[in-house]
Amino acid sequence: MEAQIESLRAEALAAITAARTAPDLAAVRLKYLGRTGAIPLLSEGMRDVPKEAKASVGKALNALRAEVTSALEAGDRALASAADEASLAEVDLTLPGIAPLRGSIHPLTQLLDRAVRIFRRMGFALADGPDIETEWHCFDALNTPPHHPARNELDTFYLPDGRLLRTHTSTVQIRTMEGQPPPVRIIAPGAAYRRDEVDATHLAQFTQMEGLYVAEAVSVAELKGTLEFFFQELFGTGTDIRFRPHFFPFTEPSFEIDIRTAALGERWMELAGCGMVDPAVFEAMCDRRRDRVYDPETVTGFAFGFGLDRLAMNLTGVPDIRMLVENDLRFLRQF
Amino acid sequence: MKISLSWLKEFVPYAGTTQELDAVLTRAGLEVASLETHGADFPNVVVGQILESNPHPNADRLSVTRVDDGSKHPRQIVCGAKNYQVGDKVPVALPGAVLPGDFKIKVGKLRGVESEGMLCSAKELRLADDADGLLILPSATKVGAPISEIFPPDTVLEVEITSNRPDWLSLTGIAREVAANSGEAFAEPSVEPAPTRENAALARIEDPVGCPFYSVRWIRGVTVGPSPEWLARRLEAAGLRPINNVVDVTNYVMLELGQPLHAFDAAKVAGGIVVRRASEGEILPALDGREYALRSTDLVIADSARPLALAGVMGGEGSGVTGETTEILLESAYFDAPGVRATARGLNLHSDSSYRFERGVNPAGVLAASNRAAQLIVEIAGGTPDEAIATAGALPQLEWSVALRYATCRALLGLALENREIDAPLAKLGLDKVGGDAESAMWRVPAFRGDLTREVDLIEEVIRLVGIERISGRVSGGPAHASAADVSYDAAMDLRRALVGMGFSEARTSTLVARPARGDFLVLRNPLGDEQCALRSSLIGGLSAAVRRNLNLGAATVRLFELGRVFASAAEEEATVLGLIATGPRAPRTWRDAEAAEIDLFDLSGVLEAIAPGAEFEKTNDARFGLALEVRIGDFVSGVVGQLTPGAARALGARGPVVAAELRLDAVQAASLGKGAFIPSPRFPAVARDIAAVLPRSLAFGEIQRIVRASGEPLLADIEPFDIFTDDSGAKLPADRKSLAFSLTFRSPERTLTADEVNAACDRLRGRLRDELGIEFRE
């Protein structure tokens, strides 16, 4: 019996070693461990084993069963691992990746959002106003003389009822002050309209960012510090910023801001207008509100505005402003 | 405005370089738009005369000339040009000259023949952009003269003048600014003032509002002819065309002092001059050769018979100074700025004169200009002026004062200036301190600074001269609460990012659109054209155009969104909406996957479900769509999602469906509110049963869903369709039936369900569907 066990062990282990595939191995398992397999058959011979030898033969049989089982498991693992390796080895790693579906945020929005984030870091809140405005909000309240050329029908879009499409986002300054007492510290991105024929540098509709800070004791120093911080955040600390005296009806003193930076080709580029809120604007607010919370003797403020379209063009090298509204996906997806 | 540097230097001896002057002007608020060099500033380039010209022995195209350069020894110069004759005078670059492009002239051999210099073209001296052959000079030109004497070098700066500074519309005004900013002295042209005398026979004002003051000076015995070279050159540098010596003087003085003038031929003026309103429809043939039909609001200068000129705008044909003129009436007046503006704009007739009157001329300069022009006319054209200037009306107030509080100035600038640092710039600008103490000062403003009437105007002058670079920037201010605009901005940015993650790219289309075919919309009164005459009432039109463009450009799949304003004549005029549009295969073909199926309506309603959880859809009719679902969020109809009619899709160039949606941003915002509250995940597993039903093709899944949901089965958690099959041929299924497979999910929050109770619930639901809808089931 013991000799039988020994020969069966050698035979089974050899068969396991010889099995090269999972079905071969399964057949080996069946042959030796199946219900009518060689090992169960041999176990049936226990009945004929003398009593005194039963213990040792039983032990040997169990050892045989355990050894074959474990060899089969090892065989399974080896085959699985070989199969795994083979399946991985087949992958052609030079094939290109398959990108997930993804769109893009418009470059103008991206720039606008950068600008918004910078002003928010300084504590500015957002404000909003309508595109369709009254002449009062767009011009009168902003100290624009009655005969100012900007009011001309050649330059400004009017609706049949005499209202207009705002020519600048400065209207939001007025809307905000109408609705709340000082302090006011807001930025207002939005659309503005001018009756320009469309060409490579002009659109009839463009995007501006307006800002206003009104409180007690706001000075040119705050104006300068705020916009220096903004443009240096936007373009980097190596940016040169120049405030050049200028004229706007609604601010005094007024300045234009020129920027010189590597990102814009190291030449001065006019990017923004700004200034201290003209006392006439505050007086218009006082009249409108029927109170004196915006008395120019008690509050001062600064305002600024800049166009985002040209800035986006300059920052990205886009040569034609119309590309910003053509919505060519090949263009949009670059950003 | 164009200013000649050599002319400017007559009034301020500015010694710095042109670049330094550019910086001074820029700092003062005069933006320099361009900088041109005129004339020829080349040492060793002189006028030469060609004495003889012979063919070059070795080159057909060249000639060998002998040229008199004013020295005793004529030079031999090889020349390639053909446009000269012996005896012509031309510029000669002598050895040692350096021409543009760092081109050094040396003695050398050209094809074996020695050449001692070069004969120059206008282009080689930068006197013209291109030139054929040599620059032939007038025969009277002096041989040997440096070329810079013939073409005196000058720099012309074009400066942009802001509308608040009409005083800068003159050389003297700019010179004053340069003087104040550079510390140099300003020198006004000296003029002998003539007496004035009211003379109603010669000049009368009928409209004192349009013309507060009018003056005219009679100058007899003038000889009209071309202007001298220096005068013509200065006008040309300023961009004006020389006409004749008298007209040129009026323009010259306008450029010099900023006061527009006009000269009439006295022989063509019948009776005295009247400044009056035109009669409606009165015709004026103007100097630009066109006839203008005047309105009763237009102011004219007339004689007893007819209008002679449009006041402050343009002279008339037939009364101007010509070669035959011997007596002139020299007008210098003060016209009302809004009146001139209205006339210039109304007639669309703009001139250097109207430009200045519209912005306001210096009342103190009206008579000075008359005197200055009379003096120059006498110098250049001869003649004798009347002793007195004939006047009518009165000049406006010439003097006023403005108080400035030093503390206010320091506070507004945020700069601790001493009182004297505040006084100094104002004094430099010509203001007179007429009183004051340690707290404030009273300043008398010169008449040419009509823009300085308030304290803040003076503060601006202080910082302009002190320089904003003196101020150290600082940031102050407290934290900011989120405004409604902040919340809505953040919602919009979150939405953008979510949509980008779903494959949509952001578009920006125009607010101004062509007149829509239907619906409620607003139009412009003065559009730029039919394509931009209305305010968009929907984003879908602009997005459709973008789809068409992209398909034309070869895109297979287009997915676009826009967040923008739409307009209506309703109570709520402006609303911000989200527009979505998509067409093409859902995913491109790759080496791994075949091209996916075409995007359809369910892709887009799925996007809306993702961005506005809880949105509900209901079939609706919308003329823009072939299929349309109304989108409800909460209790409100907030938008629409649909598929364009197949014809509309084809018109955009699409091969498959084009689907679009429009949804109010505030509704999307509302739908995402409340998200984030904790809902416990189920503790016990769900059990699903797949049901296959056969039903009439026309019966909607929504009916099944409705019955199932209304059943009140307590364990039912969800119903999801997962397969729909039809067979038009009728082979596998009658053609009028469809097979619909759906999955029912059951779950209890308290325990694991048994197969028996789930099967019983399924049987009950099947029974209801059979009874109420006549549905059959496959097992």
# chains A, B, ... in the order shown; residues from 1 in each chain; ligands from 1
call {"tool": "residues_around", "arguments": {"residues": "region 467-484 of chain B", "least_positions_apart": "5", "cutoff": "7 Å", "atoms": "only C-alpha atoms", "output": "list of chain:residue names"}}
result
A:Gly123, A:Phe124, A:Ala125, A:Leu126, A:Ala221, A:Glu222, A:Lys224, A:Gly225, A:Thr226, A:Phe243, B:Leu415
call {"tool": "select_by_dssp", "arguments": {"residues": "region 142-250 of chain B", "states": "strand (DSSP E or B)", "output": "list in words"}}
result
Pro146, Asp154, Thr155, Val156, Leu157, Glu158, Val159, Glu160, Thr196, Arg197, Glu198, Ala203, Arg204, Ile205, Phe213, Tyr214, Ser215, Val216, Arg217, Trp218, Ile219 and Arg220 of chain B
call {"tool": "residues_around", "arguments": {"residues": "region 583-591 of chain B", "least_positions_apart": "6", "cutoff": "7 Å", "atoms": "only C-alpha atoms", "output": "PyMOL selection string"}}
result
chain B and resi 556-559+597-599+656-659
call {"tool": "interface_residues", "arguments": {"of": "chain A", "to": "chain B", "cutoff": "8 Å", "atoms": "only C-alpha atoms", "output": "VMD selection string"}}
result
chain A and resid 98 101 to 106 122 to 128 130 to 131 147 153 157 to 160 185 195 197 205 217 to 226 228 243 to 247 252 to 254 279 300 324 to 329 332 to 333
call {"tool": "residues_around", "arguments": {"residues": "Asp155 (chain A)", "least_positions_apart": "4", "cutoff": "8 Å", "atoms": "only C-alpha atoms", "output": "PyMOL selection string"}}
result
chain A and resi 149-151+194-196
call {"tool": "atom_distance", "arguments": {"atom1": "CA of Ile389 (chain B)", "atom2": "CA of Pro307 (chain B)"}}
result
21.9 Å
call {"tool": "atom_distance", "arguments": {"atom1": "CA of Ala26 (chain A)", "atom2": "CA of Leu72 (chain A)"}}
result
8.7 Å
call {"tool": "residues_around", "arguments": {"residues": "Ala71 (chain A)", "least_positions_apart": "6", "cutoff": "10 Å", "atoms": "only C-alpha atoms", "output": "ChimeraX atom specification"}}
result
/A:12-13,16-17,65,77
call {"tool": "atom_distance", "arguments": {"atom1": "CA of Met314 (chain B)", "atom2": "CA of Tyr214 (chain B)"}}
result
15.7 Å
call {"tool": "closest_residue", "arguments": {"among": "B:Thr172, B:Thr196, B:Ile50, B:Gln85", "to": "Val143 (chain B)", "atoms": "only C-alpha atoms"}}
result
B:Ile50
call {"tool": "residues_around", "arguments": {"residues": "region 133-140 of chain A", "least_positions_apart": "2", "cutoff": "7 Å", "atoms": "only C-alpha atoms", "output": "list in words"}}
result
Pro130, Asp131, Leu142, Asn143, Thr144, Arg163, Leu164, Leu165, Arg166, Thr171 and Ile174 of chain A
call {"tool": "residues_around", "arguments": {"residues": "region 121-127 of chain B", "least_positions_apart": "3", "cutoff": "12 Å", "atoms": "only C-alpha atoms", "output": "ChimeraX atom specification"}}
result
/B:36-43,45-46,79-84,89-93,97-103,118,130-137,147-148,150-154
call {"tool": "select_by_dssp", "arguments": {"residues": "region 72-308 of chain A", "states": "alpha helix (DSSP H)", "output": "number ranges by chain"}}
result
A: 72-89, 107-121, 135-138, 171-179, 220-235, 279-289, 308
call {"tool": "closest_residue", "arguments": {"among": "A:Ala141, A:Ala188, A:Ala200, A:Leu25", "to": "Asp76 (chain A)", "atoms": "only C-alpha atoms"}}
result
A:Leu25
call {"tool": "closest_residue", "arguments": {"among": "B:Glu280, B:Asp437, B:Asp432, B:Glu291", "to": "Tyr406 (chain B)", "atoms": "only C-alpha atoms"}}
result
B:Asp437
